[in-house]
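Trainee: Below you'll find the structure I mean.
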Amino acid sequence: KKEGEMFYFFQSGKLSHQIQYHENMREGAFIRKYENGNLHEKGNYVKDKKHGEWEGFGDNGLLVKKGSYDADKKTGVWKEYHGNGQLKNETEYLNGLPTKSVVSYNSEGHKMSEVILDKFGNGKYKVFDEDGKIKFEEEIGVYNTISSWKSYNKNGTIASEMIPNFENLQTAIIRNYDMNSQILWEIPYMQGRITGIVKEYFADGKIKGNYQFTANLPTPFWKIYDSNGGLIGEWKADGQKTGVCTDIKIFQRILKKLDNGYGTVFGEKQFTIA
């Protein structure tokens with residue numbers, strides 16, 4: 001039966017860790033060391049469970065983490081540090097689980113990301129660039145199968161955004177913008193796949209093209225316009241998978257732009273979906 005202070009050693013004979021025991025359970029102060037003699041971690045036990053403030057260190061002796069336990073479960077604010085001593089993460093815990101907020105920093109001390117939640121688990125996730133400007137944010141909802149998000153250009157304007165349909169959480173629209181907030185693309189999604197009419201715009205806001213997709217597959221009908229609104233390309237239905245278009249190069253460009261590998265060209269005018 002273990003009772004009193006116990007000492008443990010490396011094979012080299014140097015102290016590894018020491019701990020107090022009472023009635024065969026860990027009780028009281030605990031320290032662990034690296035073989036080079038630097039402190040590895042220190043804390044406290046109550047009835048064989050971690051309780052109170054704990055700190056962890058790198059083998060160079062610098063603090064790498066600290067926080068508190070309540071009966072072996074993390075509680076309150078825990079902090080982690082970079083090798084140079086700068087704060088790396090701040091995380092709030094309750095009953096051993098992260099809650100409310102998680103904030104991360106780079107080695108120079110700049111905030112890189114944060115998650116802020118309410119008591120119901122709803123909130124926002126944000127990512128920042130090295131200048132502290134926001135470059136991405138996402139709405140977090142416990143009961144939402146699709147969340148809304150936005151990415152940002154360097155000048156602070158929105159680069160793209162997802163807008164969910166809260167009446168049908170399987171569907172959403174992604175919009176892409178230029179640096180001047182002019183919409184360039186509008187892409188409908190259903191269950192994570194492009195489904196519906198994809199719209200492309202000129203820089204002045206005029207429609208450049210309408211492209212029908214079903215579950216990521218391009219399907220008739222497609223129409224492409226010039227800057228004056230004149231029709232310059234059209235894919236008309238000719239059965240389920242083939243059609244004829246007036247300018248195949250335009251359609252090749254669109255497929256490449258949307259990063260879909262489904263289009264194959266046969267001859268000069270025939271357009272077939274593999």
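Convention: chains lettered A, B, ... in structure tokens order; per-chain residue numbering from 1; ligands numbered from 1 as shown.
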Can you list, as a VMD selection string, every protein, DNA or RNA residue that comes within 10 Å of Asp72 of chain A when you count only C-alpha atoms, leaving out same-chain residues fewer than 5 positions away?
Mentor: chain A and resid 45 to 46 48 to 52 95 to 96
Trainee: Can you spit out the residues from that selection as a compact mmCIF listing (two decimals), in the first residue's frame, using C-alpha atoms?
Mentor:
```txt
# COMPACT_ATOMS: atom_id res chain seq x y z
CA TYR A 45 -3.89 15.62 -7.07
CA VAL A 46 -6.97 15.21 -4.89
CA ASP A 48 -6.16 10.32 -7.27
CA LYS A 49 -7.48 12.94 -9.72
CA LYS A 50 -5.85 16.05 -11.15
CA HIS A 51 -7.26 19.11 -9.41
CA GLY A 52 -6.34 22.78 -9.39
CA ASN A 95 -16.47 19.64 -17.70
CA GLY A 96 -13.45 18.74 -19.82
```
Trainee: Please report as JSON lines every residue of segment 200-221 of chain A lying within 10 Å of segment 159-179 of chain A, along with the nearest atom pair and their distance in Å (one decimal), using only C-alpha atoms.
Mentor:
```
{"residue": "A:Glu200", "atom": "CA", "partner": "A:Asn176", "partner_atom": "CA", "distance": 9.5}
{"residue": "A:Tyr201", "atom": "CA", "partner": "A:Tyr177", "partner_atom": "CA", "distance": 9.7}
{"residue": "A:Ala203", "atom": "CA", "partner": "A:Asp178", "partner_atom": "CA", "distance": 8.0}
```
Trainee: What's around segment 121-125 of chain A at 8 Å? Count only C-alpha atoms, leave out sequence neighbours fewer than 6 positions away in its own chain, and write the answer as an MDAnalysis selection string.
Mentor: chainID A and resid 99:100 113:115 137:142
Trainee: How many Å separate atom CA of Ala71 of chain A from atom CA of Gly28 of chain A?
Mentor: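 Between these atoms lies a distance of 13.1 Å.
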Trainee: Please compute the atom CA of Lys2 of chain A-atom CA of Asn24 of chain A distance, one decimal, in Å.
Mentor: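 Atom-to-atom, atom CA of Lys2 of chain A and atom CA of Asn24 of chain A are spaced 4.5 Å apart.
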Trainee: So that I can see what lies close to Gly230 of chain A, please list as a ChimeraX atom specification the residues with an atom at most 12 Å from it, counting only C-alpha atoms and leaving out residues fewer than 3 positions away in the same chain.
Mentor: /A:206-209,223-227,233-234
Trainee: May I have all residues of segment 4-213 of chain A that DSSP, computed from the backbone, assigns to strand (DSSP E), given as a PyMOL selection string?
Mentor: chain A and resi 4-9+15-22+25-33+39-46+49-50+52-57+63-70+73-81+87-94+97-105+111-117+123-128+134-140+149-152+158-164+171-177+183-190+193-194+196-201+207-213
Trainee: For Lys47 of chain A, which of A:Asn153, A:Gln20, A:Ser68, A:Asn210 is the closest residue, counting only C-alpha atoms?
Mentor: A:Gln20
Trainee: How many Å lie between atom CA of Val127 of chain A and atom CA of Phe57 of chain A, rounded to one decimal?
Mentor: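 That distance, rounded to one decimal, is 27.7 Å.
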Trainee: Please provide the set of residues having any atom within 6 Å of Lys65 of chain A, restricted to only C-alpha atoms, with same-chain residues fewer than 2 positions apart removed, written as a list in words.
Mentor: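 In the requested form, the answer reads Glu55, Gly56, Leu63, Lys79 and Glu80 of chain A.
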Trainee: May I have the residues within 9 Å of Ile31 of chain A as a list of chain:residue names, using only C-alpha atoms and disregarding those fewer than 4 positions away in the same chain?
Mentor: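 Residues near the query, excluding close chain neighbours: A:Ser16, A:His17, A:Gln18, A:Ile19, A:Leu39, A:His40, A:Glu41, A:Lys42, A:Gly43, A:Asn44.
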Trainee: Taking into account only C-alpha atoms, which residue in the set A:Leu117, A:Arg26, A:Gln182, A:Arg32 is nearest to Lys14 of chain A?
Mentor: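 Between A:Leu117, A:Arg26, A:Gln182, A:Arg32, the residue approaching Lys14 of chain A most closely is A:Arg32.
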Trainee: Looking at A:Gly13, A:Gly83, A:Gly67, A:Gly205, which one is nearest to Ser107 of chain A, with distances taken over only C-alpha atoms?
Mentor: A:Gly83
